[in-house]
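Written below as structure tokens is the structure these notes are about.
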Amino acid sequence: MQNTMSNTNIYDDSKKKILIVDDEPSIRDLLVFNLEKEGYNTVTAGDGEEAVSLALSQNPDLILLDVMLPKADGLTVCKRVRQVLGKTPIIMLSAKGEEIDKILGLEIGADDYMTKPFSVRELIARVKANLRKVDQTDQDLTSSSNKGNKIVVGTLKLDLDKFEVEARGQKVNDLTRREFEVLRYLAQKPGQVVTREDLLEKVWGYEYYGDIRTVDVTIRRIREKIEKNTANPKILITKRGVGYYIESK
């Protein structure tokens with residue numbers, strides 16, 4: 001049974017578009033109802049293959065992605081979508097609550113992870129926070145356009161106009177929007193230790209929502225892309241028990 005609720009409404013191109021991927025019609029209907037009530041357009045998919053097809057053809061502003069799906073699971077979908085839509089926020093949804101499942105979802109490119117059953121109010125808060133951060137980043141990049149806006153800290157270089165990063169003289173590929181935002185925030189405070197809670201609030205846009213473990217996993221993903229030796233990082237440093245900072249030397 002396919003959900004057709006969003007197809008019966010008048011489509012408004014000015015609204016943000018959210019792709020909802022879940023094989024349970026009742027959950028799709030619940031999310032469609034609540035998200036459209038909040039003023040979003042919605043598109044739905046009931047399996048992994050349909051999810052990839054719609055993600056690439058519809059270019060949604062955000063994706064809500066269940067892990068357990070027929071035809072292709074959510075982790076596979078996330079990886080395939082990330083290759084093309086590198087900066088689109090993805091919030092994974094799953095009945096699995098173990099820490100290892102959350103970490104795996106984040107490591108393959110999800111921006112956030114929520115465990116079923118979830119609070120609709122919290123989910124909407126996270127959707128809004130993710131979209132707000134995307135808009136803020138886009139506005140920042142637009143306002144800095146053609147101004148040669150760059151940040152250089154030690155061997156790390158960020159080009160805010162081009163959304164590009166170099167580390168140790170090498171261009172860094174396949175950074176997600178969230179990873180870029182983390183680097184930018186830390187690079188704006190060279191040598192200054194930033195707590196996980198501060199990163200969660202300032203970069204993810206969460207206050208009391210969110211899991212600080214999300215920050216740790218994102219930092220680890222960034223290190224895999226910018227450090228020569230992740231076991232002995234020279235750029236993105238951990239201050240044990242406190243947080244992280246960018247080495248300014």
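Simple scheme: letters A, B, ... for chains in structure tokens order, numbers from 1 for residues in each chain, numbers from 1 for ligands in the order shown.
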(request) Quick one: everything within 8 Å of stretch 210-215 of chain A, counting only C-alpha atoms, minus sequence neighbours fewer than 4 positions away in the same chain. Send it as a PyMOL selection string. (result) chain A and resi 103+106+112+196-197+199-200+206+219
Counting only C-alpha atoms, what are the residues of stretch 79-160 of chain A within 8 Å of stretch 59-74 of chain A, and for each of them which pair of atoms is the nearest and at what distance in Å, to one decimal? Sort the table by chain and rising number, as a tab-separated table.
```
residue	atom	partner	partner_atom	distance
A:Leu85	CA	A:Asn59	CA	7.7
A:Thr88	CA	A:Leu62	CA	5.8
A:Pro89	CA	A:Leu62	CA	5.0
A:Ile90	CA	A:Ile63	CA	4.8
A:Ile91	CA	A:Leu64	CA	5.0
A:Met92	CA	A:Leu65	CA	4.7
A:Leu93	CA	A:Asp66	CA	4.4
A:Ser94	CA	A:Val67	CA	5.3
A:Val127	CA	A:Leu62	CA	7.7
A:Leu131	CA	A:Leu62	CA	7.3
```
(request) Point out the residue among A:Gln170, A:Val32, A:Lys162, A:Asp23 with the least atom-to-atom distance to A:Gly46, counting only C-alpha atoms. (result)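 Of the candidates, the smallest distance to A:Gly46 is held by A:Asp23.
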(request) Grab the atom CA of A:Thr44 to atom CA of A:Ile20 distance for me, in Å with one decimal place. (result) 4.7 Å
(message) Which residue is closest to A:Ile151? Choose from A:Pro117, A:Gly169, A:Pro190, A:Gly48 and count only C-alpha atoms.
(response)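 Looking only at the distances to A:Ile151, the closest residue turns out to be A:Pro190.
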(message) Can you pull out the residues contacting stretch 242-244 of chain A? Cut-off 12 Å, using only C-alpha atoms, and skip same-chain residues under 2 positions away; I want them as an MDAnalysis selection string.
(response) chainID A and resid 182:183 185:187 189:200 212:213 215:216 218:220 223 233 235:240 246:247
Just N, CA and C atoms for this one: save the residues we selected as a tab-separated table (two decimals), in the first residue's frame.
```tsv
chain	number	residue	atom	x	y	z
A	182	VAL	N	31.51	21.86	10.74
A	182	VAL	CA	32.30	21.60	11.94
A	182	VAL	C	33.70	22.18	11.78
A	183	LEU	N	34.33	21.93	10.63
A	183	LEU	CA	35.67	22.45	10.38
A	183	LEU	C	35.67	23.99	10.38
A	185	TYR	N	33.59	26.05	11.90
A	185	TYR	CA	33.37	26.58	13.25
A	185	TYR	C	34.64	26.49	14.09
A	186	LEU	N	35.31	25.34	14.01
A	186	LEU	CA	36.54	25.17	14.79
A	186	LEU	C	37.67	26.05	14.25
A	187	ALA	N	37.75	26.17	12.92
A	187	ALA	CA	38.82	26.96	12.31
A	187	ALA	C	38.67	28.45	12.62
A	189	LYS	N	38.04	29.48	15.43
A	189	LYS	CA	38.53	29.62	16.80
A	189	LYS	C	39.84	28.84	16.95
A	190	PRO	N	40.86	29.19	16.17
A	190	PRO	CA	42.10	28.40	16.15
A	190	PRO	C	42.74	28.28	17.53
A	191	GLY	N	43.08	27.04	17.88
A	191	GLY	CA	43.72	26.78	19.16
A	191	GLY	C	42.79	26.81	20.35
A	192	GLN	N	41.53	27.15	20.12
A	192	GLN	CA	40.56	27.25	21.22
A	192	GLN	C	39.75	25.96	21.32
A	193	VAL	N	39.73	25.38	22.51
A	193	VAL	CA	38.99	24.13	22.70
A	193	VAL	C	37.49	24.43	22.73
A	194	VAL	N	36.74	23.66	21.91
A	194	VAL	CA	35.28	23.80	21.82
A	194	VAL	C	34.65	22.52	22.35
A	195	THR	N	33.71	22.63	23.25
A	195	THR	CA	33.08	21.46	23.84
A	195	THR	C	32.14	20.78	22.85
A	196	ARG	N	31.84	19.52	23.11
A	196	ARG	CA	30.90	18.79	22.27
A	196	ARG	C	29.53	19.46	22.32
A	197	GLU	N	29.13	19.89	23.50
A	197	GLU	CA	27.82	20.52	23.67
A	197	GLU	C	27.73	21.81	22.84
A	198	ASP	N	28.82	22.57	22.81
A	198	ASP	CA	28.84	23.81	22.03
A	198	ASP	C	28.74	23.51	20.54
A	199	LEU	N	29.47	22.47	20.09
A	199	LEU	CA	29.38	22.08	18.68
A	199	LEU	C	27.98	21.62	18.33
A	200	LEU	N	27.37	20.84	19.21
A	200	LEU	CA	26.02	20.33	18.95
A	200	LEU	C	25.03	21.48	18.81
A	212	ILE	N	25.51	13.81	22.09
A	212	ILE	CA	26.87	14.30	21.84
A	212	ILE	C	27.74	13.25	21.17
A	213	ARG	N	27.32	11.98	21.20
A	213	ARG	CA	28.06	10.94	20.49
A	213	ARG	C	28.08	11.24	18.98
A	215	VAL	N	28.60	14.07	17.67
A	215	VAL	CA	29.76	14.93	17.45
A	215	VAL	C	31.03	14.09	17.32
A	216	ASP	N	31.21	13.13	18.21
A	216	ASP	CA	32.42	12.30	18.20
A	216	ASP	C	32.55	11.53	16.88
A	218	THR	N	31.23	12.30	13.98
A	218	THR	CA	31.50	13.25	12.90
A	218	THR	C	32.96	13.68	12.90
A	219	ILE	N	33.51	13.93	14.07
A	219	ILE	CA	34.93	14.29	14.19
A	219	ILE	C	35.80	13.16	13.63
A	220	ARG	N	35.44	11.93	13.95
A	220	ARG	CA	36.21	10.79	13.45
A	220	ARG	C	36.14	10.70	11.93
A	223	ARG	N	38.46	13.37	10.49
A	223	ARG	CA	39.87	13.00	10.62
A	223	ARG	C	40.29	12.00	9.55
A	233	PRO	N	46.54	12.47	15.27
A	233	PRO	CA	46.12	13.64	14.50
A	233	PRO	C	46.97	14.87	14.77
A	235	ILE	N	46.01	17.96	13.02
A	235	ILE	CA	45.19	19.12	12.65
A	235	ILE	C	44.00	19.27	13.60
A	236	LEU	N	43.18	18.24	13.69
A	236	LEU	CA	41.98	18.26	14.52
A	236	LEU	C	42.27	17.48	15.80
A	237	ILE	N	42.46	18.22	16.88
A	237	ILE	CA	43.00	17.65	18.11
A	237	ILE	C	41.90	17.49	19.18
A	238	THR	N	42.02	16.41	19.96
A	238	THR	CA	41.12	16.18	21.09
A	238	THR	C	41.75	16.69	22.38
A	239	LYS	N	41.00	17.47	23.12
A	239	LYS	CA	41.38	17.82	24.48
A	239	LYS	C	40.57	16.90	25.39
A	240	ARG	N	41.23	15.87	25.88
A	240	ARG	CA	40.53	14.81	26.59
A	240	ARG	C	39.64	15.35	27.71
A	246	ILE	N	41.30	23.08	16.53
A	246	ILE	CA	42.17	23.03	15.36
A	246	ILE	C	43.54	23.54	15.76
A	247	GLU	N	44.58	22.76	15.49
A	247	GLU	CA	45.95	23.16	15.80
A	247	GLU	C	46.33	24.39	14.98
```
(request) Do a neighbour search on A:Ser53 at 12 Å with only C-alpha atoms, toss out local chain neighbours closer than 3 positions, and write the hits as a ChimeraX atom specification. (result) /A:19,21,43-50,56-60,72,77,80-81,84
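Those residues in stretch 149-211 of chain A carrying a DSSP assignment of alpha helix (DSSP H), computed from the backbone, are Arg177, Arg178, Glu179, Phe180, Glu181, Val182, Leu183, Arg184, Tyr185, Leu186, Ala187, Arg196, Glu197, Asp198 and Leu199 of chain A.
Across the structure, atom CA of A:Leu160 and atom CA of A:Asp174 are spaced 15.5 Å apart.
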(request) Just list the residues in stretch 36-179 of chain A DSSP gives strand (DSSP E or B) on the backbone, as an MDAnalysis selection string. (result) chainID A and resid 41:45 62:66 90:94 112:115 150:153 156:159 164:167 170:172
(request) Calculate how many Å separate atom CA of A:Ala125 from atom CA of A:Ala110, rounding to one decimal. (result)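 Separation of atom CA of A:Ala125 and atom CA of A:Ala110: 16.9 Å.
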(message) Let me make sure I understand: among A:Lys234, A:Lys96, A:Lys249, A:Lys37, which one has the smallest atom-to-atom distance to A:Ile124 if we use only C-alpha atoms?
(response)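 Of the candidates, the smallest distance to A:Ile124 is held by A:Lys37.
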(request) Check the smallest atom-to-atom distance from each of A:Ala231, A:Val165, A:Val134, A:Ile18 to A:Lys87 using only C-alpha atoms, then report the winner. (result) A:Val134
(message) I need the residue nearest A:Leu30 from this list: A:Val153, A:Val203, A:Ile222, A:Val120. Use only C-alpha atoms for the distance.
(response) A:Val120
(request) Extract, using only C-alpha atoms, all DNA, RNA and protein residues at most 7 Å from A:Lys15, discarding same-chain residues fewer than 6 positions from it, and format them as a PyMOL selection string. (result) chain A and resi 39-41
(request) Using only C-alpha atoms, pick whichever of A:Ala51, A:Tyr113, A:Phe33, A:Glu166 has the shortest atom-to-atom distance to A:Ile100. (result)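 Nearest to A:Ile100: A:Tyr113.
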